[in-house]
Every structure is written in structure tokens, then in C-alpha cells.
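*Asks:* Just one file: final-v5.txt, with compact mmCIF, C-alpha atoms.
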# COMPACT_ATOMS: atom_id res chain seq x y z
CA MET A 1 95.95 11.43 197.16
CA SER A 2 95.08 15.12 197.09
CA PRO A 3 93.54 16.55 193.90
CA ASP A 4 95.66 18.45 191.42
CA ARG A 5 94.46 22.03 191.87
CA THR A 6 96.78 23.45 189.21
CA THR A 7 94.69 21.95 186.38
CA PRO A 8 91.10 23.11 186.01
CA PRO A 9 88.51 20.34 185.79
CA GLU A 10 87.23 19.34 182.38
CA VAL A 11 84.00 21.04 181.35
CA ARG A 12 81.81 19.12 178.94
CA ALA A 13 78.22 18.94 177.88
CA PHE A 14 75.77 16.77 179.78
CA ASP A 15 75.10 13.29 178.53
CA ASN A 16 71.48 12.47 177.87
CA LEU A 17 69.37 13.46 180.89
CA VAL A 18 66.51 11.11 181.69
CA MET A 19 63.75 11.53 184.27
CA PRO A 20 63.28 8.23 186.17
CA PRO A 21 59.71 6.94 185.95
CA GLU A 22 57.48 7.05 188.98
CA GLN A 23 55.25 4.18 190.05
CA THR A 24 51.55 4.85 190.55
CA GLU A 25 48.76 2.81 192.05
CA ILE A 26 45.13 3.41 192.94
CA LEU A 27 44.32 2.50 196.55
CA SER A 28 41.08 0.84 197.66
CA ASN A 29 39.48 4.20 198.58
CA GLY A 30 40.35 5.77 195.22
CA MET A 31 43.43 7.68 196.36
CA THR A 32 46.35 7.80 193.88
CA LEU A 33 49.74 6.88 195.36
CA HIS A 34 52.91 7.91 193.53
CA LEU A 35 56.20 6.25 194.53
CA LEU A 36 59.80 7.12 193.64
CA ARG A 37 62.50 5.23 195.53
CA GLY A 38 66.17 6.25 195.70
CA GLY A 39 68.51 8.97 196.89
CA ASP A 40 71.87 9.20 198.64
CA GLN A 41 70.49 10.17 202.05
CA PRO A 42 68.29 8.09 204.41
CA VAL A 43 65.31 10.45 204.25
CA CYS A 44 61.74 10.21 203.01
CA SER A 45 59.02 12.67 202.11
CA LEU A 46 55.26 12.31 201.87
CA ASP A 47 53.22 15.00 200.11
CA VAL A 48 49.42 14.80 200.19
CA LEU A 49 47.94 16.88 197.37
CA PHE A 50 44.27 17.93 197.55
CA GLU A 51 42.20 19.50 194.80
CA GLY A 52 41.19 23.02 195.77
CA GLY A 53 43.46 25.99 196.43
CA ILE A 54 43.54 29.77 196.34
CA ALA A 55 41.14 30.10 193.39
CA GLU A 56 38.54 27.77 194.85
CA LEU A 57 38.77 28.57 198.57
CA THR A 58 40.35 32.06 198.74
CA GLU A 59 43.97 32.53 199.74
CA ALA A 60 43.34 33.11 203.45
CA ARG A 61 41.01 30.14 203.88
CA ALA A 62 43.19 27.70 201.95
CA ARG A 63 46.45 28.64 203.65
CA MET A 64 45.03 28.85 207.14
CA THR A 65 43.20 25.52 206.88
CA ILE A 66 46.20 23.61 205.59
CA SER A 67 48.56 25.16 208.15
CA GLN A 68 46.22 24.60 211.10
CA MET A 69 45.82 20.93 210.17
CA THR A 70 49.33 20.38 211.53
CA GLU A 71 48.67 22.19 214.82
CA ARG A 72 46.43 19.78 216.74
CA SER A 73 44.45 16.54 216.39
CA VAL A 74 41.71 14.86 218.38
CA ALA A 75 44.24 12.38 219.78
CA HIS A 76 47.12 14.79 220.45
CA SER A 77 47.38 18.31 221.79
CA ALA A 78 49.44 20.92 220.02
CA GLU A 79 52.23 20.45 222.55
CA GLU A 80 52.23 16.68 222.08
CA LEU A 81 52.31 16.98 218.29
CA SER A 82 55.21 19.39 218.51
CA GLU A 83 57.10 17.15 220.92
CA ILE A 84 56.64 14.04 218.76
CA THR A 85 57.71 15.90 215.63
CA ASP A 86 60.79 17.38 217.30
CA PHE A 87 61.76 14.06 218.92
CA ASN A 88 61.70 12.36 215.52
CA GLY A 89 63.60 15.18 213.81
CA ALA A 90 60.76 15.52 211.33
CA ARG A 91 59.06 18.45 209.62
CA LEU A 92 55.33 18.84 209.06
CA SER A 93 54.15 21.70 206.91
CA GLY A 94 51.52 22.73 204.41
CA LYS A 95 51.02 25.09 201.51
CA ALA A 96 48.34 26.27 199.10
CA THR A 97 48.82 26.93 195.40
CA SER A 98 46.48 28.30 192.76
CA HIS A 99 44.31 25.19 192.55
CA HIS A 100 45.70 22.73 195.10
CA SER A 101 46.52 22.44 198.80
CA MET A 102 49.26 20.22 200.18
CA LEU A 103 50.21 18.58 203.47
CA GLN A 104 53.91 17.69 203.65
CA LEU A 105 55.97 15.36 205.87
CA PHE A 106 59.77 15.12 205.73
CA ALA A 107 61.67 12.76 208.08
CA LEU A 108 64.60 10.39 208.44
CA THR A 109 63.85 6.96 207.04
CA HIS A 110 64.22 5.18 210.39
CA ARG A 111 61.78 7.63 212.01
CA PHE A 112 59.32 7.87 209.15
CA ALA A 113 56.94 5.12 210.29
CA ASP A 114 56.63 6.80 213.70
CA MET A 115 55.32 9.95 212.02
CA LEU A 116 52.74 8.33 209.74
CA PRO A 117 50.03 8.03 212.44
CA LEU A 118 50.17 11.81 212.91
CA VAL A 119 49.56 12.33 209.19
CA GLY A 120 46.60 9.97 209.46
CA GLU A 121 45.19 12.05 212.32
CA MET A 122 45.54 15.24 210.31
CA LEU A 123 43.64 13.67 207.44
CA THR A 124 40.87 12.11 209.50
CA ALA A 125 40.62 13.93 212.84
CA PRO A 126 42.24 17.35 213.10
CA ALA A 127 41.11 19.49 216.03
CA PHE A 128 41.10 23.13 215.01
CA ASP A 129 41.80 25.19 218.10
CA SER A 130 40.36 28.71 218.39
CA ASP A 131 43.22 30.04 220.51
CA ARG A 132 45.89 28.80 218.11
CA LEU A 133 43.87 30.06 215.17
CA GLU A 134 43.69 33.51 216.74
CA VAL A 135 47.48 33.61 217.07
CA ALA A 136 47.95 32.37 213.50
CA VAL A 137 45.50 34.95 212.15
CA ALA A 138 47.26 37.77 214.00
CA ARG A 139 50.57 36.63 212.53
CA ALA A 140 49.12 36.40 209.03
CA VAL A 141 47.60 39.88 209.25
CA SER A 142 50.91 41.27 210.50
CA ASP A 143 52.77 39.59 207.64
CA LEU A 144 50.24 40.99 205.18
CA GLN A 145 50.65 44.53 206.53
CA THR A 146 54.44 44.23 206.46
CA SER A 147 54.48 42.90 202.89
CA ARG A 148 52.57 45.98 201.72
CA LEU A 149 55.39 48.19 202.91
CA ASP A 150 57.33 46.80 199.95
CA PRO A 151 56.43 48.37 196.58
CA SER A 152 57.03 44.98 194.94
CA THR A 153 53.97 43.61 196.72
CA LEU A 154 51.87 46.56 195.58
CA ALA A 155 53.02 46.10 191.99
CA TRP A 156 52.26 42.37 192.09
CA GLU A 157 48.78 42.93 193.53
CA ALA A 158 47.98 45.57 190.91
CA MET A 159 49.18 43.27 188.13
CA GLN A 160 47.01 40.22 188.96
CA PRO A 161 43.68 41.59 187.63
CA LEU A 162 45.52 42.84 184.53
CA VAL A 163 46.92 39.36 183.90
CA TRP A 164 43.88 37.23 184.70
CA GLY A 165 40.92 39.60 184.39
CA MET A 166 39.01 41.50 187.05
CA ASP A 167 36.57 38.65 187.76
CA ASN A 168 39.11 35.83 187.85
CA PRO A 169 39.51 34.20 191.31
CA LEU A 170 43.30 34.39 190.90
CA ALA A 171 43.02 38.19 190.69
CA ARG A 172 41.31 38.41 194.07
CA LYS A 173 43.26 40.65 196.46
CA VAL A 174 43.60 39.21 199.94
CA GLU A 175 42.29 41.51 202.68
CA GLU A 176 42.77 41.49 206.43
CA LYS A 177 39.09 40.61 206.92
CA ASP A 178 39.64 37.43 204.90
CA TYR A 179 41.75 36.22 207.82
CA THR A 180 39.90 37.81 210.74
CA SER A 181 36.56 36.40 209.58
CA LEU A 182 37.83 32.81 209.82
CA ASP A 183 36.82 30.56 212.69
CA THR A 184 37.28 26.88 213.52
CA THR A 185 33.92 26.01 211.95
CA VAL A 186 35.05 27.42 208.61
CA LEU A 187 38.34 25.52 208.81
CA ALA A 188 36.58 22.25 209.67
CA ASP A 189 34.21 22.72 206.73
CA THR A 190 37.14 23.46 204.40
CA HIS A 191 38.95 20.36 205.66
CA ARG A 192 35.91 18.24 204.77
CA ARG A 193 35.88 19.76 201.30
CA LEU A 194 39.55 18.98 200.76
CA VAL A 195 39.70 15.41 202.05
CA CYS A 196 38.23 13.38 199.21
CA PRO A 197 40.38 10.29 198.48
CA ARG A 198 39.40 9.92 194.81
CA ARG A 199 40.56 13.53 194.23
CA THR A 200 43.76 13.16 196.27
CA HIS A 201 47.28 12.36 195.06
CA VAL A 202 49.98 11.24 197.52
CA PHE A 203 53.69 11.31 196.67
CA LEU A 204 56.15 9.10 198.58
CA ALA A 205 59.81 9.70 197.73
CA GLY A 206 63.22 8.80 199.16
CA GLN A 207 64.96 5.81 200.71
CA PHE A 208 61.79 4.10 201.85
CA THR A 209 61.54 0.38 202.51
CA ASP A 210 58.77 -2.00 201.49
CA ASP A 211 57.54 -1.88 205.10
CA ILE A 212 57.28 1.91 204.94
CA ALA A 213 55.41 1.75 201.65
CA ASP A 214 52.96 -0.76 203.16
CA ALA A 215 52.51 1.44 206.23
CA VAL A 216 51.76 4.41 203.99
CA ARG A 217 49.18 2.39 202.05
CA ASN A 218 47.48 1.20 205.22
CA MET A 219 47.36 4.72 206.65
CA LEU A 220 45.97 6.22 203.46
CA GLU A 221 43.37 3.51 202.92
CA SER A 222 41.93 4.27 206.36
CA VAL A 223 41.01 7.79 205.19
CA PRO A 224 37.28 7.98 204.39
CA SER A 225 35.62 10.38 201.99
CA LYS A 226 34.31 13.38 203.93
CA SER A 227 32.71 15.05 200.91
CA ASP A 228 32.55 15.00 197.12
CA GLY A 229 35.64 17.19 197.10
CA THR A 230 36.25 20.55 195.51
CA ASP A 231 35.92 21.20 191.80
CA ILE A 232 38.88 23.04 190.33
CA ILE A 233 37.83 26.40 188.89
CA LEU A 234 39.61 27.20 185.64
CA THR A 235 38.42 30.67 184.71
CA PRO A 236 39.98 31.59 181.35
CA ALA A 237 42.47 34.44 181.53
CA ALA A 238 41.19 37.78 180.26
CA PRO A 239 44.32 39.96 180.21
CA ALA A 240 44.32 43.69 179.71
CA SER A 241 45.21 45.12 176.32
CA GLY A 242 48.85 45.46 175.39
CA GLY A 243 50.13 48.91 176.20
CA THR A 244 48.09 49.17 179.43
CA LYS A 245 50.02 51.11 182.07
CA VAL A 246 49.11 51.43 185.75
CA ALA A 247 50.88 53.55 188.37
CA VAL A 248 50.54 52.71 192.07
CA PRO A 249 51.58 55.65 194.26
CA PHE A 250 53.55 54.76 197.39
CA GLU A 251 54.21 57.77 199.58
CA ASN A 252 57.82 58.38 200.65
CA SER A 253 59.19 55.36 198.80
CA LEU A 254 62.73 55.84 197.53
CA GLN A 255 62.33 52.96 195.09
CA SER A 256 60.05 51.97 192.27
CA ALA A 257 58.94 48.39 191.78
CA ILE A 258 58.50 47.55 188.10
CA SER A 259 56.31 44.70 186.90
CA LEU A 260 55.95 43.96 183.19
CA THR A 261 53.75 41.19 181.84
CA ILE A 262 53.18 39.69 178.39
CA PRO A 263 50.28 37.21 178.13
CA SER A 264 51.56 34.05 176.50
CA ILE A 265 50.97 30.54 175.15
CA PRO A 266 49.98 27.47 177.24
CA ARG A 267 52.45 24.81 178.37
CA SER A 268 51.03 22.40 175.79
CA HIS A 269 52.05 24.67 172.89
CA PRO A 270 55.07 23.40 170.89
CA ASP A 271 56.76 26.81 171.23
CA TYR A 272 56.43 26.94 175.02
CA ILE A 273 59.86 25.47 175.80
CA PRO A 274 61.70 27.56 173.15
CA LEU A 275 59.92 30.59 174.60
CA ARG A 276 60.99 29.63 178.11
CA LEU A 277 64.63 29.48 176.94
CA THR A 278 64.29 32.77 175.09
CA VAL A 279 62.95 34.41 178.24
CA MET A 280 65.87 32.87 180.13
CA ALA A 281 68.27 34.52 177.68
CA LEU A 282 66.47 37.81 178.29
CA GLY A 283 66.50 37.80 182.08
CA GLY A 284 66.48 34.31 183.58
CA TYR A 285 70.03 34.02 184.94
CA PHE A 286 72.92 36.16 186.10
CA GLY A 287 74.53 36.43 182.65
CA SER A 288 71.28 37.31 180.88
CA ARG A 289 70.78 40.40 178.72
CA LEU A 290 68.81 42.37 181.30
CA MET A 291 71.23 41.59 184.15
CA THR A 292 74.29 42.38 182.02
CA ASN A 293 72.95 45.68 180.74
CA ILE A 294 70.79 47.12 183.52
CA ARG A 295 72.64 45.77 186.56
CA GLU A 296 76.25 45.15 185.56
CA GLU A 297 76.92 47.85 182.97
CA LYS A 298 74.57 50.65 184.04
CA GLY A 299 74.12 49.86 187.74
CA LEU A 300 70.45 50.82 187.68
CA THR A 301 69.18 47.94 189.81
CA TYR A 302 70.51 45.25 192.11
CA GLY A 303 68.54 42.63 190.24
CA ILE A 304 66.11 42.21 187.36
CA ASN A 305 64.41 38.97 186.44
CA ALA A 306 62.39 37.56 183.57
CA SER A 307 60.50 34.28 183.70
CA LEU A 308 57.73 32.39 181.94
CA MET A 309 54.97 31.53 184.41
CA GLY A 310 52.67 28.65 183.46
CA GLU A 311 49.34 27.96 185.17
CA LEU A 312 46.55 25.52 184.38
CA GLN A 313 44.46 28.25 182.72
CA GLY A 314 47.19 30.21 180.98
CA SER A 315 50.71 31.55 181.09
CA TYR A 316 52.52 34.86 180.94
CA VAL A 317 56.00 36.32 180.75
CA SER A 318 56.88 38.28 183.88
CA ILE A 319 59.70 40.83 184.16
CA THR A 320 60.30 42.39 187.59
CA ALA A 321 62.82 44.80 189.06
CA LYS A 322 63.28 47.45 191.74
CA CYS A 323 65.24 50.61 191.14
CA ASP A 324 65.77 54.15 192.36
CA LYS A 325 62.54 56.04 191.65
CA ASN A 326 64.48 58.50 189.50
CA ASN A 327 65.71 55.68 187.24
CA THR A 328 62.29 54.20 186.49
CA ASP A 329 61.97 55.57 182.97
CA ILE A 330 65.42 54.48 181.86
CA VAL A 331 64.96 50.96 183.29
CA LEU A 332 61.70 50.64 181.35
CA ALA A 333 63.36 51.94 178.18
CA GLU A 334 66.39 49.66 178.49
CA THR A 335 64.17 46.66 179.17
CA GLU A 336 62.18 47.27 176.00
CA ALA A 337 65.42 47.82 174.06
CA GLU A 338 66.75 44.43 175.22
CA ILE A 339 63.52 42.73 174.17
CA ARG A 340 63.86 44.22 170.69
CA ARG A 341 67.55 43.30 170.54
CA LEU A 342 66.69 39.60 170.99
CA VAL A 343 65.18 39.82 167.49
CA SER A 344 67.86 41.89 165.78
CA GLU A 345 70.88 40.50 167.70
CA PRO A 346 69.98 37.12 169.25
CA PRO A 347 72.52 35.40 171.50
CA CYS A 348 75.19 33.50 169.59
CA GLY A 349 78.66 32.10 170.14
CA GLU A 350 79.92 32.23 173.71
CA GLU A 351 76.79 33.96 175.02
CA LEU A 352 74.53 31.26 173.62
CA GLU A 353 76.76 28.48 174.90
CA ARG A 354 76.88 30.03 178.38
CA MET A 355 73.10 30.22 178.47
CA ARG A 356 72.75 26.66 177.16
CA ILE A 357 75.07 25.36 179.91
CA TYR A 358 73.05 27.22 182.54
CA ALA A 359 69.76 25.83 181.20
CA ALA A 360 71.11 22.26 181.11
CA THR A 361 72.56 22.59 184.62
CA SER A 362 69.23 23.86 185.95
CA LEU A 363 67.47 20.94 184.30
CA ALA A 364 69.99 18.48 185.75
CA LYS A 365 69.27 19.81 189.26
CA THR A 366 65.80 18.33 188.92
CA LEU A 367 67.52 14.92 189.12
CA ASP A 368 69.44 15.72 192.33
CA THR A 369 67.08 14.02 194.81
CA PRO A 370 63.96 11.86 194.78
CA GLN A 371 62.12 14.87 196.23
CA SER A 372 63.13 17.17 193.37
CA MET A 373 62.19 14.50 190.84
CA MET A 374 58.83 13.95 192.52
CA GLN A 375 58.25 17.70 192.33
CA TYR A 376 58.35 17.29 188.56
CA TYR A 377 55.51 14.78 188.74
CA GLN A 378 53.55 17.03 191.09
CA ASN A 379 53.90 19.87 188.59
CA MET A 380 52.20 17.73 185.97
CA ILE A 381 49.07 17.90 188.11
CA CYS A 382 49.41 21.41 189.54
CA THR A 383 50.38 23.28 186.37
CA GLY A 384 49.46 20.96 183.51
CA THR A 385 53.03 20.13 182.52
CA PRO A 386 53.03 17.59 179.64
CA HIS A 387 54.40 14.10 180.39
CA ASP A 388 57.34 14.49 177.99
CA TYR A 389 58.23 17.98 179.21
CA PHE A 390 61.59 16.97 180.72
CA THR A 391 62.78 15.17 177.58
CA ARG A 392 61.59 17.98 175.33
CA GLN A 393 63.47 20.55 177.44
CA PHE A 394 66.77 18.67 177.09
CA LYS A 395 66.34 18.29 173.34
CA CYS A 396 65.39 21.94 172.89
CA ILE A 397 68.39 23.16 174.92
CA ASN A 398 70.75 21.26 172.64
CA ALA A 399 68.94 22.35 169.47
CA LEU A 400 68.65 26.04 170.39
CA THR A 401 69.97 28.44 167.72
CA PRO A 402 70.15 32.24 167.31
CA ASP A 403 67.53 32.05 164.55
CA MET A 404 65.16 30.15 166.84
CA ILE A 405 65.53 32.76 169.59
CA ALA A 406 64.98 35.60 167.12
CA ARG A 407 61.82 33.96 165.74
CA ILE A 408 60.37 33.25 169.17
CA ALA A 409 61.16 36.75 170.45
CA ALA A 410 59.59 38.37 167.38
CA GLU A 411 56.42 36.32 167.72
CA TYR A 412 55.85 36.19 171.48
CA LEU A 413 57.81 39.08 173.05
CA ARG A 414 56.32 42.01 171.19
CA PRO A 415 56.81 45.33 173.02
CA ASP A 416 53.31 46.45 172.03
CA SER A 417 51.83 43.55 174.06
CA ILE A 418 53.49 44.58 177.35
CA ILE A 419 51.30 45.41 180.36
CA THR A 420 53.13 47.74 182.75
CA VAL A 421 52.72 48.39 186.47
CA VAL A 422 55.01 50.68 188.45
CA ALA A 423 54.63 51.10 192.22
CA GLY A 424 56.58 53.85 193.85
CA ASN A 425 56.75 57.46 194.97
CA LYS A 426 56.49 58.95 191.49
CA GLY A 427 53.06 57.43 190.95
CA ASN A 428 53.02 58.22 187.24
CA LEU A 429 53.93 56.65 183.92
Would it be possible to restate this file's structure as C-alpha cells?
*Replies:*
Amino acid sequence: MSPDRTTPPEVRAFDNLVMPPEQTEILSNGMTLHLLRGGDQPVCSLDVLFEGGIAELTEARARMTISQMTERSVAHSAEELSEITDFNGARLSGKATSHHSMLQLFALTHRFADMLPLVGEMLTAPAFDSDRLEVAVARAVSDLQTSRLDPSTLAWEAMQPLVWGMDNPLARKVEEKDYTSLDTTVLADTHRRLVCPRRTHVFLAGQFTDDIADAVRNMLESVPSKSDGTDIILTPAAPASGGTKVAVPFENSLQSAISLTIPSIPRSHPDYIPLRLTVMALGGYFGSRLMTNIREEKGLTYGINASLMGELQGSYVSITAKCDKNNTDIVLAETEAEIRRLVSEPPCGEELERMRIYAATSLAKTLDTPQSMMQYYQNMICTGTPHDYFTRQFKCINALTPDMIARIAAEYLRPDSIITVVAGNKGNL
């Protein structure tokens, strides 16, 4: 029977949202294995999380080491690895974050066991190839040069030392020489520093069988310690004073990239989640105050976004936008006006309900797949998210009131605490 398209579907609030618990176990070599079984599709993922990332290793070294791990092993050439991966319809990748590096495998369940030996080779016997490294470095340098043709990149780079402090490793600006100075010896040394089982977390998620779980355990337990690992460096944030303004000239640019930052409270603070929702009301979704005013009503920018960014050593509110260089001043003024209006005229009625529905829907998306749920557990390690963070978010969304938003905005979104960077042709503030 075809659906009745003349009657709109019922819209109602979410029932109680609950994050399914993961299972954890410590393997014989000290490695921590996290398991989360389920999902509608016959796929599995395996994420190997190492301590040590951009802050500890530098951005170029961390990203190049983790990406080149998937290129070649002692047992298989690059061509053979690529052929095996393609034949099994799998994906091998890697990434580096502020304090961690990750090797990732995604494959169909019935092909997953065939890919596990390759992961084992990457953990125990990668073969860093100078020719492939040269190509990867050239690509990375080209990407870096291209990114700096965008004023948004220049604004972001100028903001980092203002957010974290000049001497903070997270404020370090990546340079071309950081890539060109790398060689296979450096990558091999970095690999040894990363592969330390007692400092490694592995996340298995999806429709895996008991046999797959056993195969994963056996593969992981064969990984020896190559070093004492890498200590995570948590340099306390030392943000610039509120009211600091920096202009980054960009010759011939028709646009300005605006970056506003407000240093904020840690994830463990009881007001962190209410602040996150208040920032969402300001500029975290399409119907937010900033989007409605600056994009929809005044047409000053295609998009403007506000978000609360939480790291292990601190957090900050970030507001970013690009606009015609001649509209820079008015965008800055309207942004500050909307921040003030959250205190004097907080969202209520339909606006508040619309935002609450968006926040609940975004939270519910975390439960879509075993992989998205496992990402929640990874974030506990990577960003210091509290264990009850999911439950507290759902409760706070339902309890959110105009008075709560006004209080949070008045306390944590003070205009006099804003740090401003503008990159563009005007080059002045």
C-alpha cells in the first residue's frame, strides 16, 4: 500500500536517547580493545588510536607518518597492498589530531578477516619508501600552498597563537620545510614512538562475528612494544587579551575572512553543555541568529558559523565567516549585536523549540551506526569528554529555557572578551 502523501507525518519529541555501552578489555600486551557490535549493514571498522599527534610530533611528521604506514609493508609492495585493498572493497586510511594519531580500516564483514593481516603489517613492519614519500611530500606542499590562497586559512593560522599562546605546540604554523625535511628514517623513528601497546586503544565496531573479534585479538596481541611511547603534551592555553585585533593583509583578495574567538570553560565544567547549546542558538545551525540576520536578511555572507571547540587543554568559542571586503565592518558589528541580543532577547517560543529539535536530532544522529557511536567513545579519549556527556546533553536540551540562555550568554559570551582576526585585502581593523 502506498503512503498517504496528503497528510504530513507526525512530528514529536524524541523519546529518551541512550548511548549503548561499549565493551572494553585489556589484551595480554597491554593494548585496550573497545568493542561495539550492531548496525543494519554488514560492515566493520577498526580504528587504532596512538598517543601522540600534532602537538607532540608536529603536524607534518604526524600526518605523513600515519599516511605512509598504509603505503607499503615489508611483506607487500605498494601495488600489492593497493590490489588487496581494492579486491576486498576495503578502505585503509589514517589521520592525526591534536594529541593522537589513528590508523583506520573499513570493510565489508565477510572481507574483514582478509584485511586484518595488512593492519598487522602496518603496526609491526611498515616499509617506508623514499620514492612514495617524495610524491606524498610534493602533494602535501602543493596542498599547503593552495590552502594559503584562501583568506580563511590565513585567518585560522593567525588565530592559533592568539588562542593557545605563542609557545604552545598547537599554535605552531606548519611550513613547507616541515614536509621537505622528512625522510624515511624520521618516519620509521616516529612509527616506533607511536606503536606502544599499553598506550594504544583499538576500536572494533559493526556487524562483526565472534571469529572476527578473536582474529582482531590475535592480530593485536602479536604487536610488540617498539618504545615507551609518546607522552601527551598538555601545554595550558595562554590566550590573548580580550579586545585583541589582528589584520592579515591579502593582496587582491575580494573577500575578507573573519575569525572571532572567545576563550572558554573546559568540557568538565557544568556549564559547558548549556554554553554549547547557547552557541548553537547563536550560529550553530541554519536557523540560528547569525545565519538569519547576516545571511538571510542582510545577504552579507553565504555562511557564518559559531561553535564551541573543546580540546584536552582548553576550549574556545569560534565564529567564522567570509564576506565581501567592503562589508567586513558591518558583519563584525552585526555579529557583536547578535551576541548582545542573546542576553536581552534570548530565543523563546517557536525559535527555541526549533533549535531544541535541531539539537536533539543532531544528538540522535550519534546513534545512527556503530561507527558513529564508537566515535563518541573515541572522543572521550581524544578531547576529554566526560563519560555521562551524552546523557547530560539530552537532559540539557529538554531543560533549556530562555533564562538559561540569557545567563550563559551574559557570563561566557562577553563582547569585551572577543579576539578578532580579519584576513583580506583591506588589511586593517
*Asks:* I'd like the contact shell of A:Asp231 - 9 Å cut-off, all atoms listed in the file, skipping same-chain residues fewer than 5 positions apart - returned as a PyMOL selection string.
*Replies:* chain A and resi 51-52+56
*Asks:* Give me, as a Markdown table, each residue of stretch 70-146 of chain A that comes within 8 Å of stretch 161-181 of chain A, together with its shortest interatomic pair and the distance in Å at one decimal, counting all atoms listed in the file, with rows ordered by chain and rising residue number.
*Replies:*
| residue | atom | partner | partner_atom | distance |
| --- | --- | --- | --- | --- |
| A:Ser98 | CA | A:Leu170 | CA | 7.1 |
| A:Val137 | CA | A:Tyr179 | CA | 5.9 |
| A:Ala140 | CA | A:Tyr179 | CA | 7.5 |
| A:Val141 | CA | A:Glu176 | CA | 5.8 |
| A:Leu144 | CA | A:Glu176 | CA | 7.6 |
*Asks:* Around the point (42.0, 22.0, 186.9) (coordinates from the file), which residues reach within 8 Å if we count all atoms listed in the file? Answer as a count of residues only.
*Replies:* 8
*Asks:* Looking at all atoms listed in the file, which of A:Ser130, A:Arg198, A:Thr32, A:Met69 is the one that sits closest to A:Asp183?
*Replies:* A:Ser130
*Asks:* With only C-alpha atoms as the atoms that count, which of A:Ile265, A:Ala127, A:Val195, A:Ala240 lies nearest to A:Leu308?
*Replies:*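 With only C-alpha atoms as the atom set, the closest residue is A:Ile265.
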*Asks:* Go through A:Asn398, A:Glu157, A:Asp214, A:Asp40 one by one, measure the shortest atom-to-atom distance of each to A:Phe14 using all atoms listed in the file, and give the residue with the smallest value.
*Replies:*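 Using all atoms listed in the file, A:Phe14 sits closest to A:Asn398.
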*Asks:* Residues at most 7 Å from A:Leu49, counting only C-alpha atoms, excluding those fewer than 4 positions away in the same chain, as a list in words?
*Replies:*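 In the requested format, the answer is His100, Ser101, Met102, Leu103, Thr200, His201 and Val202 of chain A.
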*Asks:* Can you work out which one of A:Glu353, A:Asp416, A:Glu221, A:Glu22 has the shortest atom-to-atom distance to A:Gln371, counting all atoms listed in the file?
*Replies:* A:Glu22
*Asks:* Please determine, counting only C-alpha atoms, which residue among A:Glu251, A:Glu338, A:Glu121, A:Asp131 has the shortest atom-to-atom distance to A:Val279.
*Replies:* A:Glu338
*Asks:* Counting all atoms listed in the file, which residues have an atom no more than 10 Å from (62.4, 14.7, 193.0) in the file's coordinates? Please list them as a ChimeraX atom specification.
*Replies:* /A:19-20,22,36-39,45,205-206,365-378
*Asks:* Quick one: pull the distance between atom CA of A:Tyr272 and atom CA of A:Leu260, Å, one decimal.
*Replies:* 18.9 Å
*Asks:* Calculated over all atoms listed in the file, which of the candidates A:Asn379, A:Thr361, A:Ser417, A:Thr328 has the smallest distance to A:Thr261?
*Replies:*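 When distances to A:Thr261 are compared using all atoms listed in the file, the smallest one comes from A:Ser417.
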*Asks:* Let me know the centre plus edge lengths, in Å and rounded to one decimal, of a box with edges along x, y and z that contains all listed atoms of stretch 393-408 of chain A and is padded by 5 Å on every side, as AutoDock Vina command-line options.
*Replies:*
--center_x 65.6 --center_y 26.9 --center_z 171.0 --size_x 20.4 --size_y 27.3 --size_z 22.9
